Every structure is written in structure tokens, then in C-alpha cells.
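The structure file input_12.txt is reproduced below (compact mmCIF, C-alpha atoms).
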```
# COMPACT_ATOMS: atom_id res chain seq x y z
CA MET J 121 91.95 112.35 74.92
CA ARG J 122 93.59 108.93 74.95
CA GLN J 123 92.56 105.90 72.93
CA VAL J 124 92.07 102.44 74.41
CA VAL J 125 91.68 99.41 72.14
CA TRP J 126 90.55 96.21 73.83
CA ASN J 127 89.27 93.04 72.17
CA ALA J 128 88.65 95.02 68.96
CA ILE J 129 86.64 97.67 70.87
CA GLU J 130 87.97 101.22 70.55
CA VAL J 131 87.17 104.24 72.73
CA GLU J 132 88.72 107.64 73.47
CA LEU J 133 88.60 109.07 77.01
CA PRO J 134 90.30 111.87 78.97
CA ASP J 135 94.01 111.38 79.55
CA ASP J 136 93.64 111.29 83.34
CA TRP J 137 90.98 108.56 83.38
CA GLU J 138 92.65 105.30 84.30
CA LEU J 139 91.54 101.79 83.41
CA LEU J 140 91.04 100.15 86.81
CA GLN J 141 88.90 97.11 86.04
CA PHE J 142 88.95 94.86 82.98
CA SER J 143 87.66 91.54 81.67
CA LYS J 144 89.69 89.04 79.66
CA ASP J 145 86.71 87.28 78.07
CA ALA J 146 86.22 88.43 74.48
CA SER J 147 82.54 87.39 74.39
CA HIS J 148 81.33 89.07 77.60
CA GLY J 149 82.95 91.60 79.90
CA ARG J 150 83.52 95.19 80.98
CA LEU J 151 86.08 97.96 81.28
CA ALA J 152 85.80 100.49 84.10
CA PHE J 153 87.63 103.84 84.17
CA ALA J 154 88.11 106.29 87.02
CA ASP J 155 89.45 109.79 87.50
CA ARG J 156 91.41 110.74 90.63
CA TYR J 157 88.33 110.44 92.81
CA GLN J 158 85.92 107.77 91.58
CA PHE J 159 84.67 105.68 88.69
CA ARG J 160 83.45 107.79 85.76
CA PHE J 161 82.88 105.49 82.81
CA GLU J 162 82.13 101.84 82.11
CA LEU J 163 82.01 100.00 78.81
CA ASP J 164 80.30 96.60 78.80
CA TRP J 165 80.07 94.11 75.94
CA THR J 166 78.31 90.86 75.21
CA THR J 167 78.06 88.70 72.10
CA ILE J 168 74.54 88.00 70.84
CA SER J 169 73.36 85.86 67.96
CA LEU J 170 70.65 88.14 66.52
CA PRO J 171 70.42 91.93 66.06
CA PRO J 172 68.39 93.50 68.89
CA ASP J 173 65.56 96.00 68.67
CA LEU J 174 67.50 98.85 70.31
CA GLU J 175 64.52 101.19 70.61
CA ARG J 176 62.43 98.59 72.38
CA MET J 177 65.39 97.54 74.48
CA ALA J 178 65.90 101.14 75.62
CA SER J 179 62.22 101.47 76.59
CA ASP J 180 62.27 98.19 78.51
CA TYR J 181 65.52 99.20 80.20
CA LEU J 182 64.07 102.54 81.25
CA SER J 183 61.04 100.79 82.79
CA LYS J 184 63.30 98.42 84.70
CA LEU J 185 65.45 101.24 86.01
CA LYS J 186 62.32 103.04 87.22
CA GLU J 187 61.34 99.93 89.15
CA ASP J 188 64.85 99.78 90.62
CA GLY J 189 64.51 103.31 91.96
CA LEU J 190 65.99 105.49 89.24
CA GLU J 191 65.05 109.12 89.91
CA GLU J 192 64.11 111.60 87.20
CA PRO J 193 64.26 108.93 84.48
CA ARG J 194 64.30 109.92 80.83
CA LYS J 195 65.41 108.54 77.50
CA CYS J 196 68.90 109.37 76.23
CA ILE J 197 69.52 109.30 72.50
CA HIS J 198 72.64 109.99 70.49
CA LEU J 199 72.05 107.99 67.35
CA PRO J 200 72.80 105.23 66.80
CA TRP J 201 73.11 104.98 70.60
CA ARG J 202 69.94 104.75 72.72
CA GLY J 203 69.51 104.50 76.44
CA ALA J 204 68.26 105.91 79.72
CA CYS J 205 69.43 108.65 82.08
CA GLY J 206 68.58 109.53 85.67
CA LYS J 207 69.80 109.83 89.24
CA GLU J 208 71.20 106.80 91.03
CA LYS J 209 72.15 107.50 94.65
CA ASP J 210 74.57 110.46 94.45
CA ASN J 211 75.31 110.26 90.75
CA LEU J 212 73.65 111.32 87.56
CA VAL J 213 74.01 108.27 85.31
CA SER J 214 73.67 108.01 81.54
CA ARG J 215 73.43 104.55 79.96
CA TYR J 216 73.61 104.03 76.20
CA THR J 217 73.48 100.84 74.12
CA ASN J 218 74.47 100.09 70.55
CA TYR J 219 74.91 97.00 68.40
CA TYR J 220 77.81 96.18 66.07
CA PRO J 221 76.78 93.46 63.60
CA GLY J 222 80.28 92.76 62.26
CA ARG J 223 81.18 90.94 65.47
CA GLY J 224 77.69 90.51 66.92
CA LEU J 225 78.60 92.74 69.87
CA LEU J 226 76.10 94.61 72.01
CA LEU J 227 77.82 97.47 73.83
CA GLU J 228 76.66 99.52 76.79
CA ALA J 229 78.41 102.80 77.63
CA ILE J 230 77.78 104.13 81.14
CA PHE J 231 78.70 107.66 82.25
CA LEU J 232 78.75 108.60 85.94
CA TRP J 233 78.45 112.27 86.88
CA PRO J 234 79.10 112.89 90.62
CA ASP J 235 78.77 116.65 90.06
CA GLN J 236 75.48 116.96 88.21
CA LYS J 237 76.21 120.57 87.32
CA LYS J 238 79.07 119.37 85.14
CA HIS J 239 76.92 116.93 83.18
CA SER J 240 77.78 117.38 79.52
CA THR J 241 75.81 115.77 76.73
CA SER J 242 78.38 117.08 74.26
CA PHE J 243 81.13 115.21 76.12
CA GLU J 244 79.04 112.04 76.12
CA ALA J 245 78.46 112.46 72.40
CA LYS J 246 82.19 112.89 71.79
CA VAL J 247 83.00 109.68 73.63
CA LEU J 248 80.18 107.75 71.99
CA ASP J 249 81.32 108.92 68.56
CA SER J 250 84.82 107.63 69.33
CA ILE J 251 83.60 104.11 70.09
CA ALA J 252 84.14 101.64 67.28
CA VAL J 253 84.47 97.90 66.79
CA ALA J 254 87.22 96.88 64.42
CA PRO J 255 86.30 94.33 61.73
CA TYR J 256 88.04 90.98 61.44
CA ARG J 257 91.33 91.37 59.61
CA GLU J 258 92.29 89.16 56.69
CA ASP J 259 95.70 88.46 58.27
CA GLY J 260 94.10 87.14 61.47
CA LEU J 261 95.69 89.77 63.71
CA GLN J 262 94.15 92.16 66.22
CA HIS J 263 95.19 95.58 67.54
CA TRP J 264 95.38 96.26 71.30
CA LYS J 265 96.23 99.53 73.03
CA ALA J 266 96.09 99.92 76.82
CA TYR J 267 98.27 100.60 79.86
CA GLY J 268 100.93 102.29 77.75
CA LEU J 269 101.29 99.36 75.35
CA ASP J 270 100.37 99.39 71.66
CA PHE J 271 100.67 96.02 69.94
CA ILE J 272 99.39 93.58 67.32
CA VAL J 273 98.64 89.97 68.30
CA LYS J 274 96.94 86.94 66.76
CA GLU J 275 93.18 87.29 67.23
CA GLU J 276 92.63 83.57 67.81
CA HIS J 277 94.87 83.75 70.87
CA TYR J 278 93.21 84.66 74.15
CA LEU J 279 94.37 86.96 76.93
CA LYS J 280 95.73 84.52 79.50
CA GLN J 281 97.10 87.00 82.02
CA LEU J 282 97.53 90.73 82.53
CA VAL J 283 99.74 92.33 85.14
CA ALA J 284 98.98 96.06 85.37
CA GLU J 285 101.00 97.66 88.15
CA PRO J 286 102.91 100.94 88.44
CA GLY J 287 106.07 100.43 86.43
CA ASN J 288 105.15 96.87 85.45
CA THR J 289 102.68 96.02 82.67
CA VAL J 290 102.71 92.60 80.99
CA PHE J 291 100.10 91.15 78.62
CA THR J 292 100.31 87.38 78.01
CA PHE J 293 98.37 85.72 75.19
CA ARG J 294 98.14 82.00 74.49
CA SER J 295 96.71 79.61 71.90
CA GLN J 296 94.04 77.12 72.88
CA ASN J 297 96.49 74.22 72.61
CA LYS J 298 98.99 76.13 74.83
CA ARG J 299 101.77 75.71 72.26
CA GLU J 300 101.93 79.36 71.23
CA VAL J 301 102.48 82.23 73.65
CA GLU J 302 103.07 85.97 73.13
CA THR J 303 104.00 88.54 75.73
CA PHE J 304 104.12 92.33 75.53
CA ALA J 305 105.69 94.25 78.41
CA ARG J 306 106.41 97.83 79.44
CA LEU J 307 108.66 98.18 82.50
CA GLY J 308 109.59 101.33 84.39
CA PHE J 309 111.67 102.52 87.37
CA LEU J 310 114.73 101.16 85.55
CA ASP J 311 117.22 102.90 87.83
CA SER J 312 115.98 100.84 90.76
CA TRP J 313 116.47 97.36 89.25
CA LEU J 314 118.12 97.28 85.82
CA ASN J 315 121.84 97.09 86.67
CA ILE J 316 123.01 95.07 83.63
CA PRO J 317 122.78 95.66 79.88
CA VAL J 318 119.40 94.95 78.29
CA GLN J 319 120.89 92.22 76.07
CA ASP J 320 122.02 90.37 79.19
CA TRP J 321 118.85 91.01 81.21
CA PHE J 322 116.39 89.68 78.70
CA LYS J 323 118.20 86.35 78.43
CA SER J 324 116.49 85.62 81.74
CA ARG J 325 113.15 85.66 79.89
CA ILE J 326 114.02 82.49 77.96
CA PRO J 327 111.72 79.61 78.91
CA GLU J 328 113.15 76.65 80.78
CA ASN J 329 114.86 73.98 78.61
CA PHE J 330 115.43 76.40 75.73
CA THR J 331 118.89 77.04 74.27
CA ILE J 332 119.92 80.30 72.63
CA THR J 333 120.55 79.90 68.90
CA SER J 334 121.30 83.52 67.99
CA THR J 335 121.54 87.05 69.37
CA ASN J 336 121.77 90.37 67.59
CA GLN J 337 121.81 94.12 68.18
CA GLN J 338 120.30 96.71 65.86
CA GLU J 339 119.51 100.41 65.92
CA THR J 340 116.02 101.41 64.82
CA SER J 341 114.92 105.06 64.93
CA GLU J 342 117.52 105.85 67.60
CA HIS J 343 116.41 102.87 69.70
CA GLN J 344 119.02 100.22 70.57
CA VAL J 345 117.21 96.90 70.12
CA SER J 346 118.40 93.52 71.41
CA LEU J 347 117.15 90.48 69.52
CA LEU J 348 117.28 86.85 70.54
CA SER J 349 116.11 83.45 69.33
CA ALA J 350 116.16 80.12 71.17
CA LYS J 351 115.04 76.56 70.54
CA ARG J 352 113.66 73.81 72.72
CA SER J 353 116.46 71.41 73.71
CA PRO J 354 116.15 68.53 74.12
CA THR J 355 112.95 67.94 72.15
CA VAL J 356 110.09 66.04 73.75
CA LEU J 357 107.38 63.82 72.27
CA VAL J 358 104.87 66.62 71.79
CA ASP J 359 107.46 68.50 69.71
CA TRP J 360 107.53 65.64 67.21
CA ILE J 361 103.76 65.94 66.89
CA TRP J 362 103.33 69.72 66.77
CA GLY J 363 106.84 70.85 65.80
CA THR J 364 109.78 71.95 67.91
CA ARG J 365 109.04 75.32 69.45
CA THR J 366 111.10 78.43 68.78
CA PHE J 367 111.37 81.40 71.14
CA LEU J 368 111.86 84.88 69.66
CA ALA J 369 112.32 88.06 71.68
CA ALA J 370 113.15 91.75 71.28
CA ALA J 371 113.86 94.28 74.03
CA TRP J 372 114.82 97.94 74.08
CA ILE J 373 114.67 101.10 76.17
CA CYS J 374 112.59 103.86 74.61
CA PRO J 375 114.56 107.13 75.09
CA LYS J 376 111.36 109.19 74.89
CA GLN J 377 109.51 107.27 77.61
CA GLU J 378 112.53 105.95 79.55
CA LYS J 379 110.76 102.60 79.76
CA LEU J 380 111.93 99.13 78.80
CA PHE J 381 109.79 97.39 76.19
CA LEU J 382 109.77 93.65 75.59
CA VAL J 383 107.98 91.46 73.04
CA THR J 384 108.34 87.68 72.94
CA LYS J 385 106.85 84.89 70.83
CA LEU J 386 106.87 81.16 71.47
CA THR J 387 105.72 79.22 68.43
CA PRO J 388 106.28 75.86 66.67
CA SER J 389 109.23 76.26 64.32
CA ASN J 390 107.25 74.81 61.42
CA LYS J 391 104.82 77.76 61.72
CA LYS J 392 107.09 80.72 62.33
CA ASN J 393 107.50 81.61 58.63
CA LYS J 394 103.85 80.94 57.76
CA GLN J 395 102.25 83.43 60.13
CA PRO J 396 101.91 87.23 59.96
CA PRO J 397 104.25 88.89 62.45
CA ILE J 398 103.13 90.26 65.78
CA SER J 399 104.48 93.71 66.68
CA LEU J 400 105.00 96.16 69.51
CA THR J 401 105.14 99.96 69.23
CA CYS J 402 106.55 102.28 71.90
CA CYS J 403 106.32 105.62 70.07
CA GLU J 404 105.39 106.92 66.64
CA ASP J 405 108.89 106.28 65.31
CA MET J 406 109.43 102.78 66.64
CA GLU J 407 107.79 99.43 65.90
CA ILE J 408 109.36 95.98 66.20
CA SER J 409 107.88 92.87 64.58
CA LEU J 410 108.57 89.20 65.31
```
Could you express the structure from this file as C-alpha cells?
Amino acid sequence: MRQVVWNAIEVELPDDWELLQFSKDASHGRLAFADRYQFRFELDWTTISLPPDLERMASDYLSKLKEDGLEEPRKCIHLPWRGACGKEKDNLVSRYTNYYPGRGLLLEAIFLWPDQKKHSTSFEAKVLDSIAVAPYREDGLQHWKAYGLDFIVKEEHYLKQLVAEPGNTVFTFRSQNKREVETFARLGFLDSWLNIPVQDWFKSRIPENFTITSTNQQETSEHQVSLLSAKRSPTVLVDWIWGTRTFLAAAWICPKQEKLFLVTKLTPSNKKNKQPPISLTCCEDMEISL
């Protein structure tokens, strides 16, 4: 089983189920996972202001599904999860809902069983038991884990962009005022494109109009890490208001995964020592913080 952590929502699913669809909105969205043949699991979330009556909601939901043509409908219960099960087209479908008051999140977990003979309530229970919603942290950070990346980012920053392609995964987070940006990347197929040292390659990641102020190399748990810092030059008017921005970056090749990992942070220089560090982990022995 493999854990996915997304917008503070945690779930464990089979290793060969891939995340194919995702939402960036923290207040309302869905994740959809598929095996080699079709979609098998979906996890939806929405933020609500008041705790729901889950038992009544499950009954109303079952009635609606009957009206929509659900065959062999019945209630599904794995406390504290409640829901409805039945046949939809060619699939046996189980839908469960649960509420997490700490963040005001209503979750719906949907299992799709194309081979009804393989329907397993024990498997559903195992997945449901793995689902959790992390509380708000005192340091204002949030844990994410998906697409081979495991990192810590500021919770108040939103997911601006996600590139999830074979050999190329990049998460980009940004503050509401656009002054702070973090990226977390995992890049593969290195033999086909990385023909210069990492410390030279990742200089190309420096934003336009930034000048390198320092570079460094360090070995951490048998990983050769390249570090870099840069500063906006020349400064512009907005820098006088919000503070000149500093760019920090770290890059390394994980010998266990044979992938290149990159973490960058763009932040006003007057804030860089007042904030908890973000971090990126590639394996159990290796974590880099900025």
C-alpha cells in the first residue's frame, strides 16, 4: 500500500493504483485513482460550515441513487463512515461519507468494482481506516505526498500548478500576493537530457533578473547536494514595499531512485529568517530544508 497526502487529506491505496485526476482547490475537489485498466477509487472533499447528520445524509443519498437507477441498492456502513452501495452500469459501486470537524471537511470515498466477484468489504474497510485529515500545525506548514514527491510547504500558499508526466513532476505553490513561490520537482530519464553537472544545470532555474550571491556543495546521507542563493538585481519599486526577494534552491540526484530532486523558494529577504523552513524528502535517509 502507498500513502498519498493531498491538502491535508491522507489515504493509503494499492501500489499500482495511479493518481490520474486531481483538483487544486483546497475547499472543494476530488482525486481519482486507476489501476492498469480503469478507475477504481475516487476521494471527493468539500468544506461545509456546520456538521452534517451523516445518517440522514446516507438515507437521502440512497433514495436519490435509487431514483437515478441504482440497482440492488443497500446501505453501506463502516463506522464512522456511512453510505450506499449498488450496481451502476457494469460496476458495483460503494460510496461512503464522513465528516472531519477539525477542518470542516466532508469526504466521500467511492470504490468501483468492475469484477463484482472480487468485491471486498475488508479491503474497503482497510482503505477507509487509512483516511485521515491532518490538523492545522502550529508552525503553519502542511505535508504533501504524491507522484513520488514528499515535501513540507506553507499551508497558506495555494497549489498554482502541477505538472505530472512520466519522468517530470513539478509542484508549484504561491502566496496570494504572488511574492512567495515554492517548487518541488522530481525528474527522471537523466541519461537522455542531463549532460552537465547538477550544480551547473540548476543555475538555469534562477528567475529572470536575479543574481547569484552564493553556491555550495554538501554531502548528506551519501547524497551530493548543490545549494544556491540569489537576489533580485536591480531592485524595483515593489521590493522597497515588500522587501527584496531572495531565491534559494537545492538539487541532488538520489542514488536509490536515480532521479533528480529540486526544491526552490522565492521569498522576501526580510522574511526568510522568520519563517519555518520548507523541506523535500527523497528517501528515508535524506531530507533537505530551505
>> I'd like the interatomic distance between CA of Lys246 (chain J) and CA of Ile168 (chain J), to a tenth of an Å.
In response: 26.1 Å
>> So, with only C-alpha atoms as the atoms that count, which of J:Tyr278, J:Trp264, J:Phe293, J:Trp201 lies closest to Asp249 (chain J)?
In response: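 Ranked by minimum distance to Asp249 (chain J), first place goes to J:Trp201.
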> Which of these residues is nearest to Lys186 (chain J), using only C-alpha atoms: J:Val283, J:Leu310, J:Ala204, J:Val124?
Replying inline: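 Nearest candidate to Lys186 (chain J) out of J:Val283, J:Leu310, J:Ala204, J:Val124: J:Ala204.
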>> Rounded to one decimal, what separation in Å do you get between CA of Glu302 (chain J) and CA of Leu269 (chain J)?
In response: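 Atom-to-atom, CA of Glu302 (chain J) to CA of Leu269 (chain J), that is 13.7 Å.
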Residues proximal to (95.0, 90.3, 77.6) were defined as those with any atom within 6 Å of that point in the file's coordinates, counting only C-alpha atoms. Which are they, as a PDB file with C-alpha atoms, keeping the file's coordinate frame?
```pdb
ATOM      1  CA  LYS J 144      89.690  89.040  79.660  1.00  0.00           C
ATOM      2  CA  LEU J 279      94.370  86.960  76.930  1.00  0.00           C
ATOM      3  CA  GLN J 281      97.100  87.000  82.020  1.00  0.00           C
ATOM      4  CA  LEU J 282      97.530  90.730  82.530  1.00  0.00           C
ATOM      5  CA  PHE J 291     100.100  91.150  78.620  1.00  0.00           C
TER       6      PHE J 291
END
```
> Excluding same-chain residues fewer than 5 positions from Glu192 (chain J), what lies within 12 Å of it counting only C-alpha atoms, as a PyMOL selection string?
Replying inline: chain J and resi 182+185-186+204-209+211-214
> Using all atoms listed in the file, which residues sit within 9 Å of region 145-155 of chain J once same-chain residues fewer than 3 positions away are excluded, as a ChimeraX atom specification?
Replying inline: /J:126-128,133-134,136-142,158-168,225,278-279
>> With all atoms listed in the file as the counted atoms, please give the residues lying no more than 8 Å from Thr331 (chain J), apart from itself and same-chain residues fewer than 4 positions off, as a PyMOL selection string.
In response: chain J and resi 350-353
>> Report, in Å with one decimal, the straight-line distance from CA of Gly203 (chain J) to CA of Pro172 (chain J).
In response: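 CA of Pro172 (chain J) lies at a distance of 13.4 Å from CA of Gly203 (chain J).
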> Of the candidates J:Val345, J:Val131, J:Ile197, J:Ala178, which one gets nearest to Ser242 (chain J) if we count all atoms listed in the file?
Replying inline: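 Of all the options, J:Ile197 lies closest to Ser242 (chain J).
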